[in-house]
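Reproduced below: query-v6.txt, with compact mmCIF, C-alpha atoms and all ligand atoms.
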```txt
# COMPACT_ATOMS: atom_id res chain seq x y z
CA MET A 1 -32.81 -48.68 -22.08
CA SER A 2 -34.63 -49.20 -18.78
CA ALA A 3 -35.63 -46.38 -16.47
CA HIS A 4 -33.76 -45.88 -13.25
CA PRO A 5 -36.07 -47.11 -10.48
CA LEU A 6 -35.73 -43.92 -8.45
CA ALA A 7 -36.22 -41.67 -11.42
CA ALA A 8 -39.07 -43.26 -13.28
CA ASN A 9 -41.21 -40.14 -13.42
CA GLU A 10 -38.53 -37.48 -13.31
CA ILE A 11 -36.26 -38.54 -16.11
CA ASP A 12 -37.04 -39.06 -19.77
CA PHE A 13 -34.61 -41.72 -20.89
CA SER A 14 -35.69 -41.31 -24.50
CA ARG A 15 -33.89 -37.96 -24.52
CA LEU A 16 -30.86 -39.04 -22.48
CA ARG A 17 -27.97 -41.42 -23.06
CA LEU A 18 -27.27 -43.58 -20.03
CA VAL A 19 -23.62 -43.37 -18.98
CA SER A 20 -23.86 -45.38 -15.77
CA HIS A 21 -26.74 -46.84 -13.83
CA GLU A 22 -25.50 -46.82 -10.22
CA PRO A 23 -24.75 -44.08 -9.47
CA LEU A 24 -26.95 -42.66 -12.20
CA ASN A 25 -25.13 -40.68 -14.86
CA ALA A 26 -26.88 -39.70 -18.08
CA GLU A 27 -26.39 -37.05 -20.74
CA THR A 28 -28.78 -35.18 -23.03
CA ILE A 29 -28.82 -36.42 -26.62
CA LEU A 30 -27.76 -33.37 -28.65
CA THR A 31 -30.72 -33.40 -31.03
CA HIS A 32 -33.00 -33.05 -27.97
CA GLN A 33 -31.20 -29.89 -26.85
CA MET A 34 -33.81 -27.56 -28.36
CA GLY A 35 -34.26 -23.94 -27.39
CA VAL A 36 -32.46 -22.22 -24.56
CA ILE A 37 -34.07 -24.06 -21.63
CA THR A 38 -33.38 -27.76 -21.23
CA PRO A 39 -36.53 -29.42 -19.87
CA THR A 40 -35.80 -30.87 -16.43
CA ALA A 41 -36.61 -34.43 -17.54
CA ALA A 42 -34.03 -34.15 -20.33
CA PHE A 43 -31.34 -32.40 -18.23
CA TYR A 44 -28.11 -34.36 -17.74
CA VAL A 45 -27.55 -36.07 -14.39
CA ARG A 46 -24.13 -36.37 -12.83
CA ASN A 47 -23.89 -38.29 -9.55
CA HIS A 48 -20.76 -39.57 -7.80
CA LEU A 49 -22.36 -41.35 -4.86
CA THR A 50 -25.66 -42.78 -3.70
CA LEU A 51 -28.77 -40.70 -4.25
CA PRO A 52 -30.07 -39.53 -0.87
CA THR A 53 -33.77 -39.57 -0.06
CA ILE A 54 -34.65 -36.43 1.83
CA ASP A 55 -37.87 -35.52 3.57
CA ALA A 56 -38.11 -31.73 3.31
CA SER A 57 -40.22 -31.44 6.45
CA ALA A 58 -37.49 -33.08 8.55
CA TRP A 59 -34.59 -31.48 6.67
CA LYS A 60 -32.63 -28.53 8.06
CA LEU A 61 -29.83 -26.49 6.61
CA SER A 62 -27.18 -25.65 9.18
CA ILE A 63 -24.74 -22.77 8.87
CA GLU A 64 -21.79 -23.08 11.20
CA GLY A 65 -18.01 -22.79 11.54
CA GLU A 66 -16.49 -19.33 11.31
CA VAL A 67 -19.75 -17.50 11.93
CA LYS A 68 -20.91 -15.38 14.82
CA LYS A 69 -24.44 -16.78 14.91
CA PRO A 70 -24.65 -20.42 13.84
CA LEU A 71 -28.14 -21.15 12.59
CA GLU A 72 -30.48 -23.77 11.27
CA LEU A 73 -33.02 -23.03 8.59
CA THR A 74 -36.01 -25.17 7.70
CA TYR A 75 -37.18 -25.63 4.13
CA ASP A 76 -40.12 -23.31 4.76
CA ALA A 77 -37.91 -20.65 6.36
CA LEU A 78 -35.64 -20.67 3.31
CA ARG A 79 -38.54 -20.45 0.92
CA ALA A 80 -39.90 -17.48 2.83
CA LEU A 81 -36.76 -15.42 2.14
CA PRO A 82 -36.73 -13.03 -0.85
CA GLU A 83 -36.18 -15.14 -3.96
CA ARG A 84 -34.11 -14.61 -7.05
CA SER A 85 -34.25 -16.41 -10.40
CA LEU A 86 -31.67 -16.65 -13.15
CA LEU A 87 -30.98 -18.69 -16.25
CA ALA A 88 -27.69 -20.53 -16.03
CA THR A 89 -25.95 -23.13 -18.13
CA LEU A 90 -24.41 -25.97 -16.13
CA GLU A 91 -21.71 -28.01 -17.80
CA CYS A 92 -19.92 -30.97 -16.28
CA ALA A 93 -16.17 -30.47 -16.42
CA GLY A 94 -15.93 -33.95 -17.94
CA ASN A 95 -18.20 -33.09 -20.89
CA GLY A 96 -16.35 -34.15 -24.06
CA ARG A 97 -13.94 -36.45 -22.24
CA ALA A 98 -14.80 -39.25 -24.68
CA TYR A 99 -12.99 -37.34 -27.45
CA LEU A 100 -9.59 -37.24 -25.75
CA HIS A 101 -6.77 -39.37 -27.14
CA PRO A 102 -5.36 -41.28 -25.40
CA PRO A 103 -8.48 -41.79 -23.25
CA ALA A 104 -8.48 -40.03 -19.88
CA GLU A 105 -9.91 -41.65 -16.77
CA GLY A 106 -13.54 -40.94 -15.89
CA GLU A 107 -17.05 -41.20 -17.34
CA ASP A 108 -17.09 -41.11 -21.13
CA TRP A 109 -19.28 -38.07 -21.64
CA HIS A 110 -19.87 -37.09 -25.25
CA TYR A 111 -21.30 -33.58 -25.77
CA GLY A 112 -24.43 -33.81 -23.64
CA ALA A 113 -23.28 -33.23 -20.04
CA VAL A 114 -24.50 -29.66 -20.27
CA GLY A 115 -27.89 -27.98 -19.94
CA THR A 116 -29.58 -24.70 -19.15
CA ALA A 117 -32.32 -24.15 -16.61
CA GLU A 118 -34.00 -21.35 -14.76
CA TRP A 119 -32.90 -21.64 -11.15
CA THR A 120 -34.77 -20.02 -8.27
CA GLY A 121 -33.59 -19.62 -4.73
CA VAL A 122 -31.92 -17.41 -2.19
CA PRO A 123 -28.45 -15.91 -2.64
CA LEU A 124 -25.96 -17.84 -0.47
CA ARG A 125 -24.81 -14.41 0.62
CA ARG A 126 -28.15 -13.80 2.32
CA VAL A 127 -27.79 -16.69 4.78
CA LEU A 128 -24.09 -15.99 5.34
CA GLU A 129 -25.02 -12.44 6.32
CA GLN A 130 -27.69 -13.74 8.65
CA ALA A 131 -25.14 -16.04 10.32
CA GLU A 132 -22.59 -13.20 10.36
CA LEU A 133 -19.55 -14.72 8.77
CA LEU A 134 -16.44 -13.87 10.78
CA PRO A 135 -13.43 -12.05 9.30
CA SER A 136 -11.41 -15.22 10.01
CA ALA A 137 -13.38 -17.10 7.30
CA CYS A 138 -11.54 -17.48 4.00
CA GLU A 139 -13.72 -20.09 2.33
CA VAL A 140 -17.21 -21.51 2.63
CA MET A 141 -17.63 -25.28 2.62
CA ILE A 142 -20.82 -26.79 1.20
CA GLU A 143 -21.72 -30.39 2.08
CA GLY A 144 -24.04 -32.66 0.16
CA ALA A 145 -26.15 -35.30 1.90
CA ASP A 146 -25.22 -38.03 -0.58
CA ASP A 147 -22.63 -40.50 0.56
CA GLY A 148 -21.14 -43.78 -0.41
CA TYR A 149 -18.00 -45.74 -0.99
CA HIS A 150 -15.85 -44.07 -3.59
CA PRO A 151 -13.56 -46.58 -5.30
CA LYS A 152 -11.01 -43.96 -6.41
CA ALA A 153 -10.69 -42.50 -2.92
CA GLY A 154 -10.87 -45.95 -1.31
CA LYS A 155 -13.22 -44.80 1.41
CA ARG A 156 -16.72 -43.74 2.25
CA PHE A 157 -17.67 -40.07 2.28
CA SER A 158 -20.01 -37.45 0.92
CA PHE A 159 -19.72 -34.84 -1.82
CA VAL A 160 -18.20 -31.71 -0.32
CA ARG A 161 -16.80 -28.64 -2.04
CA SER A 162 -15.67 -25.19 -0.95
CA LEU A 163 -15.93 -21.77 -2.55
CA PRO A 164 -13.59 -18.83 -2.14
CA LEU A 165 -15.29 -15.97 -0.28
CA GLU A 166 -15.57 -13.80 -3.34
CA GLN A 167 -17.66 -16.44 -5.10
CA ALA A 168 -19.63 -17.41 -1.99
CA LEU A 169 -20.65 -13.78 -1.47
CA HIS A 170 -21.44 -13.09 -5.12
CA PRO A 171 -25.11 -12.09 -5.39
CA ASP A 172 -25.66 -14.59 -8.24
CA THR A 173 -24.42 -17.62 -6.27
CA LEU A 174 -27.74 -19.21 -5.31
CA LEU A 175 -29.09 -21.70 -2.84
CA ALA A 176 -31.64 -22.96 -5.34
CA TYR A 177 -34.80 -24.87 -4.46
CA ALA A 178 -36.48 -24.68 -7.86
CA MET A 179 -35.52 -25.64 -11.40
CA ASN A 180 -37.59 -24.46 -14.36
CA GLY A 181 -40.31 -23.25 -12.01
CA GLU A 182 -40.79 -26.52 -10.08
CA PRO A 183 -39.25 -27.77 -6.84
CA LEU A 184 -35.95 -29.54 -7.56
CA THR A 185 -36.31 -33.19 -8.47
CA ALA A 186 -34.49 -35.78 -6.37
CA GLN A 187 -31.82 -36.29 -9.05
CA HIS A 188 -31.12 -32.58 -9.38
CA GLY A 189 -30.65 -31.92 -5.67
CA PHE A 190 -33.96 -31.77 -3.77
CA PRO A 191 -34.51 -29.97 -1.46
CA LEU A 192 -31.65 -27.51 -1.97
CA ARG A 193 -28.62 -27.17 -4.22
CA LEU A 194 -26.01 -24.60 -4.92
CA ILE A 195 -25.84 -22.87 -8.29
CA VAL A 196 -22.56 -21.18 -9.10
CA PRO A 197 -23.34 -19.55 -12.45
CA GLY A 198 -20.51 -19.59 -14.97
CA TRP A 199 -18.58 -22.36 -13.20
CA TYR A 200 -18.28 -25.98 -14.18
CA GLY A 201 -20.98 -28.10 -12.58
CA MET A 202 -18.93 -29.62 -9.75
CA ALA A 203 -19.25 -26.35 -7.81
CA SER A 204 -23.04 -26.60 -7.77
CA VAL A 205 -23.38 -29.00 -4.81
CA LYS A 206 -26.68 -30.89 -4.69
CA TRP A 207 -28.68 -32.00 -1.59
CA ILE A 208 -27.02 -29.41 0.68
CA ARG A 209 -27.18 -30.22 4.38
CA ARG A 210 -24.50 -28.01 5.87
CA ILE A 211 -22.61 -24.82 5.11
CA THR A 212 -19.46 -24.10 7.11
CA GLY A 213 -17.25 -21.03 7.25
CA LEU A 214 -13.63 -22.20 7.08
CA ALA A 215 -10.51 -20.48 8.40
CA GLN A 216 -8.30 -22.62 6.15
CA ARG A 217 -8.58 -23.82 2.60
CA PHE A 218 -10.57 -27.01 2.24
CA GLN A 219 -8.51 -30.05 1.19
CA GLY A 220 -11.28 -32.59 0.46
CA PHE A 221 -11.13 -35.23 -2.27
CA PHE A 222 -13.52 -33.47 -4.66
CA GLN A 223 -11.63 -30.20 -4.10
CA VAL A 224 -7.97 -31.09 -4.47
CA ASP A 225 -7.80 -34.60 -5.97
CA GLN A 226 -10.62 -34.26 -8.49
CA TYR A 227 -11.65 -31.23 -10.57
CA VAL A 228 -8.07 -30.06 -10.99
CA MET A 229 -6.15 -29.75 -14.24
CA THR A 230 -3.03 -31.89 -13.95
CA HIS A 231 -0.37 -32.54 -16.56
CA PRO A 232 1.91 -35.36 -15.40
CA GLU A 233 2.50 -36.12 -19.11
CA ARG A 234 4.33 -32.79 -19.33
CA GLY A 235 6.31 -33.58 -16.20
CA GLU A 236 4.34 -30.98 -14.25
CA ALA A 237 3.40 -31.61 -10.62
CA GLY A 238 0.98 -28.66 -10.28
CA LYS A 239 -2.80 -28.85 -9.94
CA THR A 240 -5.02 -26.01 -11.07
CA PRO A 241 -8.55 -26.10 -9.65
CA LEU A 242 -11.30 -25.80 -12.23
CA THR A 243 -13.57 -22.78 -11.98
CA THR A 244 -15.28 -21.10 -14.96
CA MET A 245 -16.48 -22.96 -18.04
CA ARG A 246 -14.38 -22.50 -21.15
CA VAL A 247 -16.00 -21.05 -24.25
CA ARG A 248 -17.67 -23.73 -26.30
CA SER A 249 -20.28 -24.45 -28.96
CA VAL A 250 -22.11 -27.56 -30.10
CA ILE A 251 -24.11 -28.37 -33.20
CA THR A 252 -27.52 -29.78 -32.25
CA THR A 253 -28.99 -30.12 -35.78
CA PRO A 254 -28.33 -32.03 -37.98
CA ALA A 255 -27.57 -35.20 -36.05
CA GLU A 256 -24.18 -36.88 -36.27
CA GLY A 257 -24.19 -39.25 -39.24
CA ALA A 258 -27.28 -37.73 -40.88
CA THR A 259 -27.90 -37.99 -44.61
CA LEU A 260 -29.19 -34.68 -45.97
CA PRO A 261 -30.74 -33.89 -49.32
CA ARG A 262 -28.89 -31.38 -51.46
CA GLY A 263 -30.02 -27.76 -51.09
CA ARG A 264 -31.08 -25.54 -48.22
CA GLN A 265 -30.18 -26.89 -44.77
CA VAL A 266 -30.34 -25.22 -41.40
CA ILE A 267 -27.47 -25.89 -39.03
CA ARG A 268 -28.44 -25.14 -35.43
CA GLY A 269 -26.50 -25.10 -32.23
CA LEU A 270 -25.74 -23.57 -28.85
CA ALA A 271 -22.77 -21.58 -27.56
CA TRP A 272 -21.67 -20.61 -24.06
CA SER A 273 -18.77 -19.40 -21.95
CA GLY A 274 -18.39 -19.02 -18.21
CA GLU A 275 -15.86 -16.28 -18.67
CA ALA A 276 -17.77 -13.65 -20.66
CA SER A 277 -20.76 -13.35 -22.98
CA VAL A 278 -20.58 -15.20 -26.27
CA SER A 279 -20.06 -12.64 -29.01
CA ARG A 280 -19.80 -14.66 -32.23
CA VAL A 281 -20.25 -18.15 -33.62
CA GLU A 282 -18.77 -19.33 -36.90
CA VAL A 283 -19.32 -22.51 -38.86
CA SER A 284 -17.17 -24.33 -41.36
CA MET A 285 -18.19 -26.93 -43.91
CA ASP A 286 -14.72 -27.35 -45.48
CA ASN A 287 -12.56 -28.70 -42.64
CA GLY A 288 -11.83 -25.26 -41.28
CA ALA A 289 -10.50 -23.68 -44.47
CA THR A 290 -13.22 -21.02 -44.39
CA TRP A 291 -15.58 -19.91 -41.62
CA GLU A 292 -18.98 -18.29 -41.98
CA ARG A 293 -20.76 -16.29 -39.35
CA ALA A 294 -23.85 -17.86 -37.76
CA ARG A 295 -26.87 -15.82 -36.66
CA PHE A 296 -27.97 -15.75 -33.02
CA THR A 297 -31.58 -16.74 -32.44
CA SER A 298 -31.66 -15.97 -28.71
CA GLU A 299 -30.46 -13.02 -26.70
CA ALA A 300 -27.13 -12.65 -24.90
CA LEU A 301 -27.54 -13.52 -21.22
CA ARG A 302 -24.80 -13.36 -18.65
CA TYR A 303 -24.88 -17.04 -17.64
CA ALA A 304 -26.90 -18.91 -20.25
CA TRP A 305 -25.97 -20.28 -23.63
CA ARG A 306 -27.11 -18.67 -26.87
CA ALA A 307 -28.92 -20.44 -29.65
CA TRP A 308 -27.60 -19.88 -33.18
CA GLU A 309 -28.27 -21.05 -36.71
CA TYR A 310 -26.76 -20.96 -40.15
CA GLN A 311 -28.52 -21.37 -43.50
CA TRP A 312 -26.34 -23.71 -45.49
CA ASP A 313 -26.67 -24.35 -49.18
CA ALA A 314 -25.49 -27.95 -49.32
CA ALA A 315 -24.50 -28.04 -52.97
CA ALA A 316 -21.80 -30.71 -53.22
CA PRO A 317 -22.88 -34.32 -52.65
CA GLY A 318 -20.71 -36.55 -50.49
CA PRO A 319 -19.40 -36.75 -46.93
CA THR A 320 -19.01 -33.37 -45.22
CA THR A 321 -17.64 -32.34 -41.84
CA LEU A 322 -19.56 -29.59 -40.04
CA GLN A 323 -17.77 -27.56 -37.40
CA SER A 324 -18.68 -24.61 -35.19
CA ARG A 325 -16.56 -22.36 -33.05
CA ALA A 326 -17.62 -19.73 -30.51
CA PHE A 327 -15.88 -16.55 -29.39
CA ASP A 328 -16.56 -14.67 -26.17
CA GLU A 329 -16.19 -11.01 -25.27
CA ALA A 330 -13.01 -11.75 -23.36
CA GLY A 331 -11.43 -12.83 -26.67
CA ASN A 332 -11.49 -16.57 -25.95
CA THR A 333 -12.22 -19.10 -28.63
CA GLN A 334 -12.10 -22.88 -29.05
CA PRO A 335 -8.98 -24.83 -29.94
CA VAL A 336 -8.82 -27.33 -32.79
CA THR A 337 -7.27 -29.98 -30.53
CA PRO A 338 -8.19 -30.45 -26.87
CA GLU A 339 -5.83 -29.71 -24.02
CA TRP A 340 -5.23 -33.28 -22.85
CA ASN A 341 -5.05 -33.61 -19.06
CA ARG A 342 -4.95 -36.63 -16.80
CA LEU A 343 -8.50 -36.40 -15.52
CA GLY A 344 -9.96 -35.38 -18.85
CA TYR A 345 -11.56 -32.06 -17.96
CA ALA A 346 -12.51 -28.89 -19.80
CA ASN A 347 -12.32 -30.22 -23.35
CA ASN A 348 -13.68 -27.30 -25.35
CA ALA A 349 -12.15 -28.31 -28.68
CA ILE A 350 -14.16 -27.70 -31.85
CA GLN A 351 -16.69 -30.46 -32.53
CA ARG A 352 -16.43 -32.31 -35.87
CA LEU A 353 -19.79 -33.60 -37.03
CA GLN A 354 -20.00 -35.91 -40.04
CA VAL A 355 -22.95 -35.77 -42.42
CA THR A 356 -23.52 -36.97 -45.96
CA VAL A 357 -25.13 -34.82 -48.63
CA SER A 358 -26.98 -36.99 -51.14
N1 LIG B 401 -23.93 -33.64 -3.64
C1 LIG B 401 -23.49 -33.71 -4.91
N2 LIG B 401 -23.50 -32.59 -5.63
C2 LIG B 401 -23.08 -32.60 -6.92
C3 LIG B 401 -22.58 -33.79 -7.50
C4 LIG B 401 -22.61 -34.98 -6.71
O1 LIG B 401 -22.23 -36.07 -7.16
N3 LIG B 401 -23.07 -34.89 -5.42
N4 LIG B 401 -22.13 -33.76 -8.80
C5 LIG B 401 -21.65 -32.45 -9.26
C6 LIG B 401 -21.29 -32.42 -10.65
S1 LIG B 401 -19.77 -33.06 -11.06
C7 LIG B 401 -22.08 -31.81 -11.59
S2 LIG B 401 -21.58 -31.67 -13.18
C8 LIG B 401 -23.42 -31.28 -11.22
C9 LIG B 401 -24.48 -31.94 -12.06
O2 LIG B 401 -25.75 -31.47 -11.73
P1 LIG B 401 -27.04 -32.21 -12.31
O3 LIG B 401 -26.94 -33.67 -11.98
O4 LIG B 401 -28.20 -31.54 -11.72
O5 LIG B 401 -26.98 -32.01 -13.82
O6 LIG B 401 -23.72 -31.49 -9.87
C10 LIG B 401 -22.65 -31.36 -8.97
N5 LIG B 401 -23.14 -31.44 -7.61
MO MO B 402 -19.38 -32.63 -13.26
```

Output the structure of this file as structure tokens.
Amino acid sequence: MSAHPLAANEIDFSRLRLVSHEPLNAETILTHQMGVITPTAAFYVRNHLTLPTIDASAWKLSIEGEVKKPLELTYDALRALPERSLLATLECAGNGRAYLHPPAEGEDWHYGAVGTAEWTGVPLRRVLEQAELLPSACEVMIEGADDGYHPKAGKRFSFVRSLPLEQALHPDTLLAYAMNGEPLTAQHGFPLRLIVPGWYGMASVKWIRRITGLAQRFQGFFQVDQYVMTHPERGEAGKTPLTTMRVRSVITTPAEGATLPRGRQVIRGLAWSGEASVSRVEVSMDNGATWERARFTSEALRYAWRAWEYQWDAAAPGPTTLQSRAFDEAGNTQPVTPEWNRLGYANNAIQRLQVTVS
């Protein structure tokens, strides 16, 4: 696999599976998902359009629209504001699309379009307060500086999303300029990206250039045509916008297809939910007939996944299916079969991992 020319030093393609080259899309190989923090070079990349090249010294963030005091902030001015850091798991809504039958349209992500990083920046709320958002504002629109021709939309535009006020003003919604303690890399949104903790990744707009208070709900392509759950196969015309990540777990060790010697084995994995803290993980080695409780090996954090493990005595030789399922404090758990939907989003069905005990 060859390195992407613009990402030669920032991306470790030995730990990622290339999904598409232009635009670059790549997912973390599960066995490289070790520990709670995903190293930046191994963090999945999800791009819709052309990667912008931004010179931070010439870049400005403008805040306009339904605000009393429109303003422009330089990179240095933003970095001088009081900072806040949090760990948050980001999962692409299309993660797991490859396991839908019949196939749904879109990139064929396996289980690796998810990662956890420490994000540092300024609450979006802080700059909205400085600009004095007007009572007429009902949403906040965030525009990325990437653009390009989008074949599905049949036209050229940039990546733009909006947030309801409640989420825009939430103290944990960040304008982030750092990832894992370093300035953002070009692929992950340099100089500034949004982080909406707990939400699927599409909300976390990269390469922000403008923030606009809106008096009406935004109707852009990535807001109302993409990132919506639609069920034409059920004869339903409705579209439900995606927000929080569904509860989910993945097994990171052993690898799919591994041959394991009989005896003591450690099964390891990660579990997360955008809706509430993960409270329990269970594993099954007998096709779901019985479930055993796994042990957490990292603490419960509001927005980050939890590492877990299970000591398995692999006694019976032969092919075995390993499964894990997570529960969150809101009582959610994972389904056995995915909720099929036209655009293939939010598949949080239980993973089935095949190994052979020899
Ligand atoms: N400007 C812009 N922001 C974007 C995107 C994009 O294509 N352009 N992709 C979104 C999607 S769908 C996801 S899942 C996350 C991925 O962030 P990452 O590439 O840093 O992992 O960024 C989001 N922000
Ligand atoms: Mo995504």

Site check for ligand MO 402 (chain B): residues at most 9 Å away, only C-alpha atoms and all ligand atoms, as an NGL selection string: :A and (45-48 or 90-95 or 113 or 200-204 or 227)

Please dump the current selection as an mmCIF file, in the frame of the given file; keep C-alpha atoms.
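Result went into part.cif, see below:
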```cif
data_model
loop_
_atom_site.group_PDB
_atom_site.id
_atom_site.type_symbol
_atom_site.label_atom_id
_atom_site.label_comp_id
_atom_site.auth_asym_id
_atom_site.auth_seq_id
_atom_site.Cartn_x
_atom_site.Cartn_y
_atom_site.Cartn_z
ATOM 1 C CA VAL A 45 -27.550 -36.070 -14.390
ATOM 2 C CA ARG A 46 -24.130 -36.370 -12.830
ATOM 3 C CA ASN A 47 -23.890 -38.290 -9.550
ATOM 4 C CA HIS A 48 -20.760 -39.570 -7.800
ATOM 5 C CA LEU A 90 -24.410 -25.970 -16.130
ATOM 6 C CA GLU A 91 -21.710 -28.010 -17.800
ATOM 7 C CA CYS A 92 -19.920 -30.970 -16.280
ATOM 8 C CA ALA A 93 -16.170 -30.470 -16.420
ATOM 9 C CA GLY A 94 -15.930 -33.950 -17.940
ATOM 10 C CA ASN A 95 -18.200 -33.090 -20.890
ATOM 11 C CA ALA A 113 -23.280 -33.230 -20.040
ATOM 12 C CA TYR A 200 -18.280 -25.980 -14.180
ATOM 13 C CA GLY A 201 -20.980 -28.100 -12.580
ATOM 14 C CA MET A 202 -18.930 -29.620 -9.750
ATOM 15 C CA ALA A 203 -19.250 -26.350 -7.810
ATOM 16 C CA SER A 204 -23.040 -26.600 -7.770
ATOM 17 C CA TYR A 227 -11.650 -31.230 -10.570
#
```

Any chance you could work out the axis-aligned box around ligand LIG 401 (chain B), listed atoms only, 5 Å on each side, giving centre and edge lengths in Å to one decimal, as lines of an AutoDock Vina configuration file?
```
center_x = -24.0
center_y = -33.7
center_z = -8.7
size_x = 18.4
size_y = 14.8
size_z = 20.2
```

Please provide as a compact mmCIF listing (two decimals) with C-alpha atoms, in the coordinates of the input all residues within 7 Å of Ala255 in chain A, with the sequence filter that same-chain residues fewer than 3 positions apart are discarded (counting only C-alpha atoms).
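Result file is out29.txt:
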```txt
# COMPACT_ATOMS: atom_id res chain seq x y z
CA THR A 31 -30.72 -33.40 -31.03
CA THR A 252 -27.52 -29.78 -32.25
CA ALA A 258 -27.28 -37.73 -40.88
```

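The shortest atom-to-atom distance to ligand LIG 401 (chain B), with all atoms listed in the file taken into account, belongs to A:Ala145 out of A:Ala145, A:Val247, A:Ala276, A:Ala300.
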
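Of note, CA of Thr74 in chain A and CA of Ser62 in chain A are spaced 9.0 Å apart.
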
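When all atoms listed in the file are used to measure the gap to ligand LIG 401 (chain B), the shortest distance among A:Ile350, A:Val281, A:Ala326, A:Ile195 belongs to A:Ile195.
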
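Distances here use only C-alpha atoms and all ligand atoms; by that measure, the residue among A:Ala104, A:Ala346, A:Ala294, A:Ala316 closest to ligand LIG 401 (chain B) is A:Ala346.
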
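Comparing A:Ala77, A:Ala41, A:Ala131, A:Val36 by their smallest distance to ligand LIG 401 (chain B), the closest is A:Ala41 (using all atoms listed in the file).
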
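Comparing A:Ala315, A:Val283, A:Leu194, A:Val224 by their smallest distance to Arg262 in chain A, the closest is A:Ala315 (using all atoms listed in the file).
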
Atomic distance atom O1 of ligand LIG 401 (chain B) - CA of Glu233 in chain A, expressed in Å with one decimal: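 Between atom O1 of ligand LIG 401 (chain B) and CA of Glu233 in chain A the gap works out to 27.5 Å.
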
Which polymer residues have any atom within 10 Å of an atom of Pro197 in chain A, counting all atoms listed in the file, with same-chain residues fewer than 5 positions away left out, as a JSON list (two decimals) with C-alpha atoms, in the coordinates of the input?
```
[["chain", "number", "residue", "atom", "x", "y", "z"],
["A", 86, "LEU", "CA", -31.67, -16.65, -13.15],
["A", 87, "LEU", "CA", -30.98, -18.69, -16.25],
["A", 88, "ALA", "CA", -27.69, -20.53, -16.03],
["A", 89, "THR", "CA", -25.95, -23.13, -18.13],
["A", 90, "LEU", "CA", -24.41, -25.97, -16.13],
["A", 119, "TRP", "CA", -32.90, -21.64, -11.15],
["A", 167, "GLN", "CA", -17.66, -16.44, -5.10],
["A", 170, "HIS", "CA", -21.44, -13.09, -5.12],
["A", 172, "ASP", "CA", -25.66, -14.59, -8.24],
["A", 173, "THR", "CA", -24.42, -17.62, -6.27],
["A", 174, "LEU", "CA", -27.74, -19.21, -5.31],
["A", 203, "ALA", "CA", -19.25, -26.35, -7.81],
["A", 204, "SER", "CA", -23.04, -26.60, -7.77],
["A", 244, "THR", "CA", -15.28, -21.10, -14.96],
["A", 245, "MET", "CA", -16.48, -22.96, -18.04],
["A", 274, "GLY", "CA", -18.39, -19.02, -18.21],
["A", 302, "ARG", "CA", -24.80, -13.36, -18.65],
["A", 303, "TYR", "CA", -24.88, -17.04, -17.64],
["A", 304, "ALA", "CA", -26.90, -18.91, -20.25]]
```

Counting all atoms listed in the file, what is within 9 Å of Val250 in chain A, bar same-chain residues fewer than 4 positions away, as an mmCIF file with C-alpha atoms, keeping the file's coordinate frame?
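Result written to result37.cif:
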```cif
data_model
loop_
_atom_site.group_PDB
_atom_site.id
_atom_site.type_symbol
_atom_site.label_atom_id
_atom_site.label_comp_id
_atom_site.auth_asym_id
_atom_site.auth_seq_id
_atom_site.Cartn_x
_atom_site.Cartn_y
_atom_site.Cartn_z
ATOM 1 C CA LEU A 30 -27.760 -33.370 -28.650
ATOM 2 C CA TYR A 111 -21.300 -33.580 -25.770
ATOM 3 C CA ARG A 268 -28.440 -25.140 -35.430
ATOM 4 C CA GLY A 269 -26.500 -25.100 -32.230
ATOM 5 C CA LEU A 270 -25.740 -23.570 -28.850
ATOM 6 C CA ALA A 271 -22.770 -21.580 -27.560
ATOM 7 C CA GLN A 323 -17.770 -27.560 -37.400
ATOM 8 C CA SER A 324 -18.680 -24.610 -35.190
ATOM 9 C CA ARG A 325 -16.560 -22.360 -33.050
ATOM 10 C CA ILE A 350 -14.160 -27.700 -31.850
ATOM 11 C CA GLN A 351 -16.690 -30.460 -32.530
#
```

Protein/DNA/RNA residues near (-22.3, -38.5, -4.3), cut 7 Å, all atoms listed in the file, as a ChimeraX atom specification: /A:47-51,146-148,158-159

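Minimum distance to Pro135 in chain A across A:Pro102, A:Pro183, A:Gly213, A:Gly115 (counting only C-alpha atoms) occurs at A:Gly213.
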
Leu192 in chain A environment, 6 Å, only C-alpha atoms, sequence neighbours closer than 5 positions dropped, as a ChimeraX atom specification: /A:176-177,207-208

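The environment of range 96-99 of chain A within 10 Å, counting only C-alpha atoms and disregarding residues fewer than 5 places along the same chain, consists of Ala104, Glu105, Gly106, Glu107, Asp108, Trp109, His110, Tyr111, Gly112, Ala113, Thr337, Pro338, Trp340, Asn341, Leu343, Gly344, Tyr345, Ala346, Asn347, Asn348, Ala349 and Gln351 of chain A.
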